[in-house]
Amino acid sequence: MKHCIVIGGGIIGLCSAYYLHKEGHKVTVIDKSDFSSGASHVNAGIITPSHIISLAAPGMINKGIKWMLSSTSPFSIKPRLEYDFLQWTWLFKKSATPKKVASSIPVIKNINLFSRDLYEELKQASNDFDFHYQHKGLMMYYKTDKMGEEEWNIGKLAIKEGLKVEHLTKEEIQKLEPNVDLNIKGAVYYHSDAHMTPNEFMLKMKSYLEDNGVTFLANEEVIDFQISEGKIKSINTKNNTITADEFVLTTGSWTQKLAKKLGITIPVQAGKGYRINVKRETGIHIPAILTEAKVAVTPMNGFTRFGGTMEIAGINSQINTKRVNTIANAAESYYNGLQINQQERKDIESGLRPCSPDGLPYIGRLSKIKNVTVAAGHAMMGWSLGPATGKLVSEIISHKKTSTDLTPFHVERFS
Ligand SMILES: Cc1cc2nc3c(=O)[nH]c(=O)nc-3n(C[C@H](O)[C@H](O)[C@H](O)COP(=O)(O)OP(=O)(O)OC[C@H]3O[C@@H](n4cnc5c(N)ncnc54)[C@H](O)[C@@H]3O)c2cc1C
């Protein structure tokens with residue numbers, strides 16, 4: 001048994017703690033916040049085998065720059081004269097080639113399916129704790145023929161990869177979603193996807209771990225490491241020095257900053273997004289992406305969540321009300337009769353997606369410092385990939401054969 005310190009208590013940190021604990025290790029989770037906010041709480045909760053195209057797809061930088069000056073665009077990149085940002089942008093552009101995107105497709109699909117199976121195992125096979133989980137698929141709604149064609153081209157690629165995907169007319173969709181009046185032309189329907197209620201799961205997972213001997217240290221920011229003989233001996237927070245055998249970096253968008261203290265380059269930029277909760281009956285029961293607006297819609301446990309925007313604009317949680325209104329207005333324009341009121345538009349939260357330049361997460365050991373495992377950079381798929389990543393972290397630390405090949409997730413691929 002080893003004492004493992006997990007730095008960062010988002011979905012990746014909690015799932016790492018869960019599987020490490022199951023392997024019999026002593027686990028401590030440390031977070032600079034109080035474990036109640038951030039990307040892992042505000043996300044759309046969609047389990048995403050459908051998201052086979054990585055964020056680093058050809059044309060994305062151009063789109064981000066084109067949309068840069070628009071305060072209502074769904075994706076934007078705010079240029080900054082900072083080395084880390086410029087390096088990330090350059091690496092992103094280098095990764096955004098058709099060949100690299102194509103080679104990532106099976107990797108992304110397989111780890112998403114593996115993770116979905118683990119969520120289902122957690123839900124069905126274990127009696128650890130119960131949580132909201134539904135497997136109803138994901139609709140990619142579109143209003144224009146051009147978008148319909150683009151989405152169906154991706155759908156056809158997904159079919160080749162073995163996913164069940166259908167191209168549906170508006171009439172066929174209305175039969176599946178009878179309690180809403182949709183203002184769309186059609187949808188590409190992925191049967192592979194599932195959905196959950198993130199805040200509920202985070203709370204229940206944390207309570208389960210606490211009840212089973214995992215220690216949680218809130219409001220403790222890790223600021224430095226003591227390294228000797230190629231290993232971390234201890235970490236420093238403002239108030240404490242803590243020793244352990246193994247250290248796991250699950251620090252999301254802050255990973256690059258912390259990894260620098262270890263002399264390692266792990267490029268990560270924060271991609272800010274917002275969520276709006278509507279705690280009234282909306283009639284929506286199948287999750288959807290409103291493709292022209294890039295808004296995610298999820299029927300959660302007791303409310304409907306609308307999430308969107310991707311602002312690459314540094315680490316900050318400032319709310320841009322114009323972008324929030326754009327999400328709400330887009331939702332109203334796809335669902336006739338839906339009204340998101342002023343209070344709902346005010347009561348919003350933001351979260352930072354940890355984006356790697358090639359759209360793939362970092363999962364694995366460092367080469368020079370032997371007792372560090374990194375699990376970060378999951379961008380738009382961090383919720384979906386929580387269990388798979390946590391399981392892989394526990395396999396690495398327990399010296400077991402990993403369930404998937406870790407080569408595409410190599411932590412030092414940009415060093
Ligand atoms: C609007 C929105 C919608 C989304 N929808 C989906 C979706 O439908 N499906 C999906 O799969 N993903 C979705 N995502 C992405 C997903 O939420 C993220 O990828 C995921 O939450 C990242 O988890 P994480 O644990 O890596 O990071 P985080 O949740 O950010 O956790 C990192 C933690 O590390 C802590 N930390 C950082 N530095 C330190 C330090 N030095 N010391 C101590 N603690 C530290 C932070 O306080 C934080 O709590 C969405 C994101 C957003 C914003």
# chains A, B, ... in the order shown; residues from 1 in each chain; ligands from 1
$ residues_around --residues "stretch 129-133 of chain A" --least-positions-apart "3" --cutoff "8 Å" --atoms "only C-alpha atoms" --output "list in words"
Lys123, Ser126, Ala194, His195, Met196, Thr197, Glu200, Phe201, Lys204, Met205, Tyr208, Met300 and Asn301 of chain A
$ write_last_selection --atoms "C-alpha atoms" --output "short mmCIF file (atom, residue, chain, number, x, y, z; two decimals), in the first residue's frame"
data_model
loop_
_atom_site.label_atom_id
_atom_site.label_comp_id
_atom_site.auth_asym_id
_atom_site.auth_seq_id
_atom_site.Cartn_x
_atom_site.Cartn_y
_atom_site.Cartn_z
CA LYS A 123 -24.04 2.60 -11.58
CA SER A 126 -21.34 -1.52 -7.46
CA ALA A 194 -25.19 9.00 -22.11
CA HIS A 195 -25.74 11.82 -19.61
CA MET A 196 -25.55 12.60 -15.91
CA THR A 197 -25.95 15.37 -13.32
CA GLU A 200 -24.82 15.40 -7.78
CA PHE A 201 -22.17 12.86 -8.79
CA LYS A 204 -21.90 11.71 -3.75
CA MET A 205 -18.48 10.52 -4.89
CA TYR A 208 -18.45 8.01 -0.44
CA MET A 300 -30.48 16.62 -15.54
CA ASN A 301 -31.90 15.40 -12.25
#
$ select_by_dssp --residues "stretch 133-362 of chain A" --states "strand (DSSP E)" --output "VMD selection string"
chain A and resid 133 to 134 138 to 142 165 to 169 181 to 182 186 to 190 194 to 196 215 to 217 222 to 228 231 to 237 241 to 243 246 to 249 269 to 278 288 to 290 295 to 300 303 to 312 335 to 336 349 to 355 362
$ write_last_selection --atoms "C-alpha atoms" --output "mmCIF file, in the first residue's frame"
data_model
loop_
_atom_site.group_PDB
_atom_site.id
_atom_site.type_symbol
_atom_site.label_atom_id
_atom_site.label_comp_id
_atom_site.auth_asym_id
_atom_site.auth_seq_id
_atom_site.Cartn_x
_atom_site.Cartn_y
_atom_site.Cartn_z
ATOM 1 C CA TYR A 133 -27.185 8.228 -15.205
ATOM 2 C CA GLN A 134 -29.216 7.801 -18.386
ATOM 3 C CA LEU A 138 -27.170 12.581 -28.181
ATOM 4 C CA MET A 139 -28.964 14.592 -30.876
ATOM 5 C CA MET A 140 -26.967 16.952 -33.091
ATOM 6 C CA TYR A 141 -29.752 19.352 -34.098
ATOM 7 C CA TYR A 142 -29.233 21.518 -37.143
ATOM 8 C CA VAL A 165 -25.609 6.815 -35.763
ATOM 9 C CA GLU A 166 -28.788 7.804 -37.624
ATOM 10 C CA HIS A 167 -29.714 10.789 -39.770
ATOM 11 C CA LEU A 168 -33.249 11.783 -38.723
ATOM 12 C CA THR A 169 -35.856 14.105 -40.172
ATOM 13 C CA ASP A 181 -41.721 21.925 -30.444
ATOM 14 C CA LEU A 182 -38.402 21.969 -32.325
ATOM 15 C CA GLY A 186 -33.081 17.526 -38.718
ATOM 16 C CA ALA A 187 -30.536 15.813 -36.524
ATOM 17 C CA VAL A 188 -27.709 13.338 -36.502
ATOM 18 C CA TYR A 189 -28.482 10.976 -33.637
ATOM 19 C CA TYR A 190 -25.670 9.173 -31.778
ATOM 20 C CA ALA A 194 -25.190 9.000 -22.107
ATOM 21 C CA HIS A 195 -25.738 11.818 -19.610
ATOM 22 C CA MET A 196 -25.553 12.598 -15.911
ATOM 23 C CA THR A 215 -8.773 12.390 3.370
ATOM 24 C CA PHE A 216 -9.835 15.684 1.781
ATOM 25 C CA LEU A 217 -7.904 18.911 2.391
ATOM 26 C CA VAL A 222 0.035 23.347 -3.596
ATOM 27 C CA ILE A 223 2.749 25.894 -4.292
ATOM 28 C CA ASP A 224 5.982 23.921 -4.380
ATOM 29 C CA PHE A 225 7.668 20.525 -4.323
ATOM 30 C CA GLN A 226 10.734 19.149 -2.528
ATOM 31 C CA ILE A 227 12.588 16.870 -4.909
ATOM 32 C CA SER A 228 15.535 14.644 -4.149
ATOM 33 C CA LYS A 231 11.492 11.789 -6.571
ATOM 34 C CA ILE A 232 9.132 14.220 -4.896
ATOM 35 C CA LYS A 233 9.650 13.861 -1.158
ATOM 36 C CA SER A 234 7.013 16.376 -0.063
ATOM 37 C CA ILE A 235 4.762 19.170 -1.248
ATOM 38 C CA ASN A 236 4.235 22.606 0.222
ATOM 39 C CA THR A 237 0.977 24.410 0.624
ATOM 40 C CA THR A 241 4.367 20.376 4.230
ATOM 41 C CA ILE A 242 3.016 16.942 3.334
ATOM 42 C CA THR A 243 5.007 13.816 2.532
ATOM 43 C CA GLU A 246 3.098 8.995 -4.929
ATOM 44 C CA PHE A 247 1.779 12.317 -6.298
ATOM 45 C CA VAL A 248 -0.948 12.704 -8.934
ATOM 46 C CA LEU A 249 -1.404 16.003 -10.779
ATOM 47 C CA GLN A 269 -4.884 26.630 -22.052
ATOM 48 C CA ALA A 270 -8.146 27.258 -20.241
ATOM 49 C CA GLY A 271 -11.286 27.206 -22.427
ATOM 50 C CA LYS A 272 -13.984 29.027 -20.501
ATOM 51 C CA GLY A 273 -17.622 27.988 -20.747
ATOM 52 C CA TYR A 274 -20.876 28.858 -18.979
ATOM 53 C CA ARG A 275 -23.885 26.981 -17.747
ATOM 54 C CA ILE A 276 -27.497 28.085 -17.306
ATOM 55 C CA ASN A 277 -29.869 25.928 -15.222
ATOM 56 C CA VAL A 278 -33.615 25.995 -15.845
ATOM 57 C CA ALA A 288 -28.665 17.658 -27.673
ATOM 58 C CA ILE A 289 -26.038 19.860 -29.220
ATOM 59 C CA LEU A 290 -27.495 22.872 -31.047
ATOM 60 C CA VAL A 295 -24.757 24.884 -27.196
ATOM 61 C CA ALA A 296 -25.202 21.669 -25.195
ATOM 62 C CA VAL A 297 -28.607 20.853 -23.703
ATOM 63 C CA THR A 298 -28.936 18.228 -20.957
ATOM 64 C CA PRO A 299 -31.983 17.073 -19.020
ATOM 65 C CA MET A 300 -30.484 16.621 -15.544
ATOM 66 C CA PHE A 303 -33.572 20.665 -14.102
ATOM 67 C CA THR A 304 -32.371 21.302 -17.660
ATOM 68 C CA ARG A 305 -28.861 22.624 -18.246
ATOM 69 C CA PHE A 306 -27.727 24.736 -21.211
ATOM 70 C CA GLY A 307 -23.950 25.034 -21.604
ATOM 71 C CA GLY A 308 -21.710 26.684 -24.123
ATOM 72 C CA THR A 309 -18.918 28.945 -25.377
ATOM 73 C CA MET A 310 -15.224 28.187 -25.525
ATOM 74 C CA GLU A 311 -13.171 31.274 -24.748
ATOM 75 C CA ILE A 312 -9.423 30.765 -24.801
ATOM 76 C CA TYR A 335 -37.054 25.017 -28.817
ATOM 77 C CA ASN A 336 -40.185 26.997 -29.718
ATOM 78 C CA GLU A 349 -21.507 29.827 -13.374
ATOM 79 C CA SER A 350 -18.395 29.474 -15.479
ATOM 80 C CA GLY A 351 -15.807 26.702 -15.706
ATOM 81 C CA LEU A 352 -12.420 26.247 -17.375
ATOM 82 C CA ARG A 353 -11.879 23.322 -19.734
ATOM 83 C CA PRO A 354 -8.227 22.242 -19.615
ATOM 84 C CA CYS A 355 -7.302 22.192 -23.323
ATOM 85 C CA TYR A 362 -2.088 13.832 -20.788
#
$ residues_near_ligand --ligand "ligand 1" --cutoff "6 Å" --atoms "only C-alpha atoms and all ligand atoms" --output "PyMOL selection string"
chain A and resi 7-13+30-33+38-40+42-47+220-223+250-254+272-275+307-308+351-354+376+378-384
$ write_last_selection --atoms "N, CA and C atoms" --output "tab-separated table (two decimals), in the first residue's frame"
chain	number	residue	atom	x	y	z
A	7	ILE	N	-3.51	15.88	-6.29
A	7	ILE	CA	-3.59	17.35	-6.23
A	7	ILE	C	-4.63	17.80	-7.24
A	8	GLY	N	-5.78	18.28	-6.76
A	8	GLY	CA	-6.88	18.70	-7.63
A	8	GLY	C	-8.07	17.78	-7.48
A	9	GLY	N	-9.19	18.35	-7.00
A	9	GLY	CA	-10.37	17.53	-6.70
A	9	GLY	C	-11.52	17.74	-7.67
A	10	GLY	N	-11.21	17.85	-8.98
A	10	GLY	CA	-12.26	17.84	-10.01
A	10	GLY	C	-12.62	16.38	-10.31
A	11	ILE	N	-13.33	16.16	-11.43
A	11	ILE	CA	-13.77	14.79	-11.77
A	11	ILE	C	-12.56	13.86	-11.96
A	12	ILE	N	-11.48	14.38	-12.54
A	12	ILE	CA	-10.31	13.51	-12.78
A	12	ILE	C	-9.66	13.14	-11.45
A	13	GLY	N	-9.57	14.13	-10.54
A	13	GLY	CA	-8.98	13.85	-9.22
A	13	GLY	C	-9.83	12.88	-8.42
A	30	ILE	N	-6.15	16.98	-2.30
A	30	ILE	CA	-5.95	18.37	-1.88
A	30	ILE	C	-6.50	19.29	-2.96
A	31	ASP	N	-7.22	20.33	-2.56
A	31	ASP	CA	-7.68	21.30	-3.57
A	31	ASP	C	-7.57	22.72	-3.01
A	32	LYS	N	-7.26	23.64	-3.91
A	32	LYS	CA	-7.16	25.04	-3.48
A	32	LYS	C	-8.55	25.65	-3.27
A	33	SER	N	-9.58	24.97	-3.75
A	33	SER	CA	-10.95	25.47	-3.54
A	33	SER	C	-11.62	24.59	-2.48
A	38	GLY	N	-16.23	25.01	-10.34
A	38	GLY	CA	-15.30	24.77	-11.46
A	38	GLY	C	-15.91	23.88	-12.52
A	39	ALA	N	-15.08	23.58	-13.52
A	39	ALA	CA	-15.55	22.87	-14.72
A	39	ALA	C	-16.28	21.57	-14.37
A	40	SER	N	-15.79	20.85	-13.37
A	40	SER	CA	-16.39	19.55	-13.07
A	40	SER	C	-17.77	19.67	-12.44
A	42	VAL	N	-19.91	22.53	-13.45
A	42	VAL	CA	-20.80	23.29	-14.34
A	42	VAL	C	-21.00	22.62	-15.70
A	43	ASN	N	-20.32	21.51	-15.95
A	43	ASN	CA	-20.34	20.97	-17.33
A	43	ASN	C	-21.69	20.35	-17.71
A	44	ALA	N	-21.79	19.98	-18.98
A	44	ALA	CA	-23.07	19.50	-19.51
A	44	ALA	C	-23.31	18.02	-19.20
A	45	GLY	N	-22.36	17.34	-18.59
A	45	GLY	CA	-22.58	15.97	-18.10
A	45	GLY	C	-22.80	14.93	-19.18
A	46	ILE	N	-22.33	15.21	-20.39
A	46	ILE	CA	-22.56	14.24	-21.48
A	46	ILE	C	-21.36	13.29	-21.60
A	47	ILE	N	-21.65	12.01	-21.69
A	47	ILE	CA	-20.62	11.00	-21.91
A	47	ILE	C	-20.50	10.89	-23.42
A	220	GLU	N	-6.38	24.44	0.24
A	220	GLU	CA	-4.92	24.28	0.38
A	220	GLU	C	-4.32	24.27	-1.03
A	221	GLU	N	-3.65	25.34	-1.39
A	221	GLU	CA	-3.03	25.39	-2.73
A	221	GLU	C	-1.61	24.84	-2.68
A	222	VAL	N	-1.33	23.89	-3.52
A	222	VAL	CA	0.04	23.35	-3.60
A	222	VAL	C	0.89	24.37	-4.33
A	223	ILE	N	1.94	24.84	-3.66
A	223	ILE	CA	2.75	25.89	-4.29
A	223	ILE	C	4.17	25.46	-4.64
A	250	THR	N	-3.79	16.32	-10.95
A	250	THR	CA	-5.08	16.39	-11.65
A	250	THR	C	-5.60	17.82	-11.50
A	251	THR	N	-4.76	18.75	-11.93
A	251	THR	CA	-5.01	20.17	-11.65
A	251	THR	C	-5.63	20.91	-12.83
A	252	GLY	N	-6.24	20.20	-13.76
A	252	GLY	CA	-7.01	20.81	-14.84
A	252	GLY	C	-6.24	21.94	-15.54
A	253	SER	N	-6.88	23.09	-15.65
A	253	SER	CA	-6.31	24.22	-16.39
A	253	SER	C	-5.07	24.81	-15.73
A	254	TRP	N	-4.80	24.44	-14.48
A	254	TRP	CA	-3.64	24.99	-13.76
A	254	TRP	C	-2.42	24.08	-13.88
A	272	LYS	N	-12.86	28.72	-21.42
A	272	LYS	CA	-13.98	29.03	-20.50
A	272	LYS	C	-15.35	28.74	-21.13
A	273	GLY	N	-16.25	28.20	-20.32
A	273	GLY	CA	-17.62	27.99	-20.75
A	273	GLY	C	-18.58	28.34	-19.63
A	274	TYR	N	-19.86	28.47	-19.97
A	274	TYR	CA	-20.88	28.86	-18.98
A	274	TYR	C	-22.00	27.84	-18.95
A	275	ARG	N	-22.69	27.81	-17.81
A	275	ARG	CA	-23.88	26.98	-17.75
A	275	ARG	C	-25.06	27.81	-17.22
A	307	GLY	N	-25.36	24.67	-21.80
A	307	GLY	CA	-23.95	25.03	-21.60
A	307	GLY	C	-23.32	25.40	-22.93
A	308	GLY	N	-22.38	26.34	-22.88
A	308	GLY	CA	-21.71	26.68	-24.12
A	308	GLY	C	-20.59	27.69	-23.98
A	351	GLY	N	-16.80	27.74	-16.01
A	351	GLY	CA	-15.81	26.70	-15.71
A	351	GLY	C	-14.74	26.72	-16.78
A	352	LEU	N	-13.55	26.21	-16.43
A	352	LEU	CA	-12.42	26.25	-17.38
A	352	LEU	C	-12.09	24.84	-17.86
A	353	ARG	N	-12.26	24.63	-19.17
A	353	ARG	CA	-11.88	23.32	-19.73
A	353	ARG	C	-10.36	23.32	-19.92
A	354	PRO	N	-9.68	22.29	-19.43
A	354	PRO	CA	-8.23	22.24	-19.62
A	354	PRO	C	-7.87	21.71	-21.00
A	376	ALA	N	-4.43	15.16	-16.98
A	376	ALA	CA	-4.99	16.51	-17.20
A	376	ALA	C	-5.19	16.76	-18.70
A	378	HIS	N	-8.12	17.36	-20.51
A	378	HIS	CA	-9.20	16.60	-21.15
A	378	HIS	C	-10.19	17.48	-21.93
A	379	ALA	N	-9.97	18.79	-21.93
A	379	ALA	CA	-10.77	19.73	-22.73
A	379	ALA	C	-12.28	19.50	-22.62
A	380	MET	N	-12.92	19.18	-23.76
A	380	MET	CA	-14.40	19.08	-23.81
A	380	MET	C	-14.90	17.73	-23.33
A	381	MET	N	-13.96	16.82	-22.96
A	381	MET	CA	-14.38	15.45	-22.66
A	381	MET	C	-14.01	15.00	-21.26
A	382	GLY	N	-13.69	15.96	-20.38
A	382	GLY	CA	-13.19	15.58	-19.05
A	382	GLY	C	-14.22	14.85	-18.22
A	383	TRP	N	-15.48	15.25	-18.35
A	383	TRP	CA	-16.51	14.55	-17.58
A	383	TRP	C	-16.61	13.10	-18.06
A	384	SER	N	-16.68	12.98	-19.38
A	384	SER	CA	-16.81	11.67	-19.99
A	384	SER	C	-15.64	10.76	-19.61
$ atom_distance --atom1 "atom CA of A:Thr97" --atom2 "atom CA of A:Ala57"
6.7 Å
$ residues_around --residues "A:Ala328" --least-positions-apart "3" --cutoff "9 Å" --atoms "only C-alpha atoms" --output "ChimeraX atom specification"
/A:276,306,323-325,331-333,339-341,345
$ write_last_selection --atoms "N, CA and C atoms" --output "short mmCIF file (atom, residue, chain, number, x, y, z; two decimals), in the first residue's frame"
data_model
loop_
_atom_site.label_atom_id
_atom_site.label_comp_id
_atom_site.auth_asym_id
_atom_site.auth_seq_id
_atom_site.Cartn_x
_atom_site.Cartn_y
_atom_site.Cartn_z
N ILE A 276 -26.24 27.50 -17.78
CA ILE A 276 -27.50 28.09 -17.31
C ILE A 276 -28.36 26.90 -16.86
N PHE A 306 -28.18 24.26 -19.90
CA PHE A 306 -27.73 24.74 -21.21
C PHE A 306 -26.28 25.20 -21.02
N ARG A 323 -22.20 36.75 -23.87
CA ARG A 323 -22.08 35.34 -24.30
C ARG A 323 -23.14 34.48 -23.62
N VAL A 324 -23.43 34.79 -22.36
CA VAL A 324 -24.46 34.03 -21.65
C VAL A 324 -25.81 34.22 -22.35
N ASN A 325 -26.11 35.46 -22.71
CA ASN A 325 -27.38 35.72 -23.41
C ASN A 325 -27.42 35.03 -24.77
N ALA A 331 -30.82 28.74 -27.38
CA ALA A 331 -31.70 27.67 -26.89
C ALA A 331 -33.15 28.01 -27.22
N GLU A 332 -33.55 29.25 -26.97
CA GLU A 332 -34.94 29.65 -27.26
C GLU A 332 -35.25 29.52 -28.75
N SER A 333 -34.23 29.73 -29.59
CA SER A 333 -34.52 29.68 -31.02
C SER A 333 -34.62 28.25 -31.57
N GLN A 339 -38.62 29.67 -22.71
CA GLN A 339 -38.19 31.03 -22.32
C GLN A 339 -37.26 30.91 -21.13
N ILE A 340 -36.09 31.50 -21.28
CA ILE A 340 -35.12 31.50 -20.17
C ILE A 340 -35.17 32.90 -19.57
N ASN A 341 -35.64 32.98 -18.33
CA ASN A 341 -35.91 34.32 -17.78
C ASN A 341 -34.65 35.01 -17.26
N ARG A 345 -30.83 33.75 -16.38
CA ARG A 345 -29.67 34.26 -17.13
C ARG A 345 -28.63 34.88 -16.20
#
$ closest_residue --among "A:Ser16, A:Thr321, A:Ser95, A:Thr48" --to "A:Ser394" --atoms "only C-alpha atoms"
A:Ser16
$ residues_around --residues "A:Val107" --least-positions-apart "4" --cutoff "12 Å" --atoms "only C-alpha atoms" --output "PDB file with C-alpha atoms, in the first residue's frame"
ATOM      1  CA  PRO A  49     -18.178   8.695 -27.642  1.00  0.00           C
ATOM      2  CA  HIS A  51     -17.054  13.604 -29.987  1.00  0.00           C
ATOM      3  CA  ILE A  52     -14.642  11.763 -32.286  1.00  0.00           C
ATOM      4  CA  ILE A  53     -13.239  14.952 -33.848  1.00  0.00           C
ATOM      5  CA  SER A  54     -10.721  16.617 -31.537  1.00  0.00           C
ATOM      6  CA  LYS A 100      -3.591  13.918 -37.051  1.00  0.00           C
ATOM      7  CA  VAL A 101      -7.326  14.394 -36.563  1.00  0.00           C
ATOM      8  CA  ALA A 102      -7.978  11.079 -38.359  1.00  0.00           C
ATOM      9  CA  SER A 103      -5.448   9.208 -36.239  1.00  0.00           C
ATOM     10  CA  ILE A 111     -11.278   5.728 -24.341  1.00  0.00           C
ATOM     11  CA  ASN A 112     -14.774   7.297 -24.277  1.00  0.00           C
ATOM     12  CA  LEU A 113     -16.432   3.873 -24.644  1.00  0.00           C
ATOM     13  CA  PHE A 114     -14.159   2.420 -21.965  1.00  0.00           C
ATOM     14  CA  GLU A 161     -15.751   3.373 -36.392  1.00  0.00           C
ATOM     15  CA  GLY A 359      -7.174  17.625 -28.149  1.00  0.00           C
ATOM     16  CA  LEU A 360      -5.867  14.527 -26.337  1.00  0.00           C
ATOM     17  CA  PRO A 361      -5.400  14.334 -22.575  1.00  0.00           C
ATOM     18  CA  THR A 404      -5.442   1.010 -22.858  1.00  0.00           C
ATOM     19  CA  ASP A 405      -2.237   1.927 -24.644  1.00  0.00           C
ATOM     20  CA  LEU A 406      -0.967   5.184 -23.125  1.00  0.00           C
ATOM     21  CA  THR A 407       1.233   6.234 -26.082  1.00  0.00           C
ATOM     22  CA  PRO A 408      -1.227   8.821 -27.534  1.00  0.00           C
ATOM     23  CA  PHE A 409      -1.533  10.414 -24.081  1.00  0.00           C
TER      24      PHE A 409
END
$ select_by_dssp --residues "stretch 193-386 of chain A" --states "alpha helix (DSSP H)" --output "ChimeraX atom specification"
/A:198-211,255-260,321-334,342-346,386
$ write_last_selection --atoms "N, CA and C atoms" --output "short mmCIF file (atom, residue, chain, number, x, y, z; two decimals), in the first residue's frame"
data_model
loop_
_atom_site.label_atom_id
_atom_site.label_comp_id
_atom_site.auth_asym_id
_atom_site.auth_seq_id
_atom_site.Cartn_x
_atom_site.Cartn_y
_atom_site.Cartn_z
N PRO A 198 -23.71 16.38 -13.09
CA PRO A 198 -22.36 16.44 -12.50
C PRO A 198 -22.31 16.82 -11.02
N ASN A 199 -23.00 17.88 -10.62
CA ASN A 199 -22.88 18.33 -9.21
C ASN A 199 -23.27 17.20 -8.25
N GLU A 200 -24.34 16.48 -8.63
CA GLU A 200 -24.82 15.40 -7.78
C GLU A 200 -23.76 14.30 -7.65
N PHE A 201 -23.18 13.93 -8.80
CA PHE A 201 -22.17 12.86 -8.79
C PHE A 201 -20.95 13.28 -7.98
N MET A 202 -20.50 14.53 -8.16
CA MET A 202 -19.30 15.01 -7.45
C MET A 202 -19.53 14.93 -5.94
N LEU A 203 -20.69 15.39 -5.51
CA LEU A 203 -21.02 15.41 -4.08
C LEU A 203 -21.06 13.99 -3.51
N LYS A 204 -21.74 13.09 -4.25
CA LYS A 204 -21.90 11.71 -3.75
C LYS A 204 -20.56 10.96 -3.77
N MET A 205 -19.79 11.18 -4.81
CA MET A 205 -18.48 10.52 -4.89
C MET A 205 -17.59 10.99 -3.73
N LYS A 206 -17.61 12.31 -3.45
CA LYS A 206 -16.76 12.83 -2.36
C LYS A 206 -17.21 12.24 -1.02
N SER A 207 -18.53 12.22 -0.77
CA SER A 207 -19.02 11.66 0.51
C SER A 207 -18.63 10.19 0.64
N TYR A 208 -18.80 9.44 -0.48
CA TYR A 208 -18.45 8.01 -0.44
C TYR A 208 -16.98 7.84 -0.06
N LEU A 209 -16.11 8.63 -0.71
CA LEU A 209 -14.67 8.50 -0.45
C LEU A 209 -14.35 8.88 0.99
N GLU A 210 -14.95 9.98 1.46
CA GLU A 210 -14.72 10.41 2.85
C GLU A 210 -15.14 9.32 3.83
N ASP A 211 -16.32 8.75 3.58
CA ASP A 211 -16.83 7.69 4.47
C ASP A 211 -15.94 6.45 4.46
N THR A 255 -2.53 23.02 -14.67
CA THR A 255 -1.48 22.00 -14.72
C THR A 255 -0.15 22.55 -15.25
N GLN A 256 -0.22 23.41 -16.28
CA GLN A 256 1.04 23.91 -16.85
C GLN A 256 1.82 24.69 -15.80
N LYS A 257 1.10 25.53 -15.05
CA LYS A 257 1.72 26.37 -14.03
C LYS A 257 2.42 25.50 -12.97
N LEU A 258 1.74 24.47 -12.52
CA LEU A 258 2.30 23.63 -11.45
C LEU A 258 3.44 22.75 -11.99
N ALA A 259 3.26 22.26 -13.23
CA ALA A 259 4.29 21.38 -13.81
C ALA A 259 5.61 22.12 -14.00
N LYS A 260 5.52 23.44 -14.19
CA LYS A 260 6.76 24.23 -14.34
C LYS A 260 7.64 24.11 -13.10
N THR A 321 -21.70 38.62 -19.93
CA THR A 321 -23.16 38.46 -20.02
C THR A 321 -23.65 38.36 -21.47
N LYS A 322 -22.90 39.00 -22.40
CA LYS A 322 -23.32 38.90 -23.81
C LYS A 322 -23.26 37.45 -24.28
N ARG A 323 -22.20 36.75 -23.87
CA ARG A 323 -22.08 35.34 -24.30
C ARG A 323 -23.14 34.48 -23.62
N VAL A 324 -23.43 34.79 -22.36
CA VAL A 324 -24.46 34.03 -21.65
C VAL A 324 -25.81 34.22 -22.35
N ASN A 325 -26.11 35.46 -22.71
CA ASN A 325 -27.38 35.72 -23.41
C ASN A 325 -27.42 35.03 -24.77
N THR A 326 -26.25 34.92 -25.40
CA THR A 326 -26.21 34.23 -26.70
C THR A 326 -26.60 32.76 -26.54
N ILE A 327 -26.12 32.14 -25.43
CA ILE A 327 -26.48 30.73 -25.18
C ILE A 327 -27.99 30.63 -24.97
N ALA A 328 -28.53 31.51 -24.13
CA ALA A 328 -29.97 31.45 -23.80
C ALA A 328 -30.81 31.72 -25.06
N ASN A 329 -30.41 32.73 -25.84
CA ASN A 329 -31.19 33.06 -27.04
C ASN A 329 -31.15 31.92 -28.06
N ALA A 330 -29.98 31.29 -28.16
CA ALA A 330 -29.87 30.17 -29.11
C ALA A 330 -30.82 29.06 -28.68
N ALA A 331 -30.82 28.74 -27.38
CA ALA A 331 -31.70 27.67 -26.89
C ALA A 331 -33.15 28.01 -27.22
N GLU A 332 -33.55 29.25 -26.97
CA GLU A 332 -34.94 29.65 -27.26
C GLU A 332 -35.25 29.52 -28.75
N SER A 333 -34.23 29.73 -29.59
CA SER A 333 -34.52 29.68 -31.02
C SER A 333 -34.62 28.25 -31.57
N TYR A 334 -34.11 27.24 -30.85
CA TYR A 334 -34.25 25.85 -31.29
C TYR A 334 -35.50 25.19 -30.71
N GLN A 342 -34.82 36.29 -16.86
CA GLN A 342 -33.67 37.11 -16.47
C GLN A 342 -32.94 36.52 -15.27
N GLN A 343 -33.71 35.99 -14.31
CA GLN A 343 -33.07 35.40 -13.13
C GLN A 343 -32.20 34.21 -13.52
N GLU A 344 -32.73 33.37 -14.42
CA GLU A 344 -31.97 32.20 -14.87
C GLU A 344 -30.72 32.63 -15.65
N ARG A 345 -30.83 33.75 -16.38
CA ARG A 345 -29.67 34.26 -17.13
C ARG A 345 -28.63 34.88 -16.20
N LYS A 346 -29.09 35.27 -14.99
CA LYS A 346 -28.16 35.87 -14.02
C LYS A 346 -27.48 34.83 -13.15
N GLY A 386 -13.58 10.80 -17.02
CA GLY A 386 -13.19 10.71 -15.61
C GLY A 386 -12.85 9.28 -15.17
#
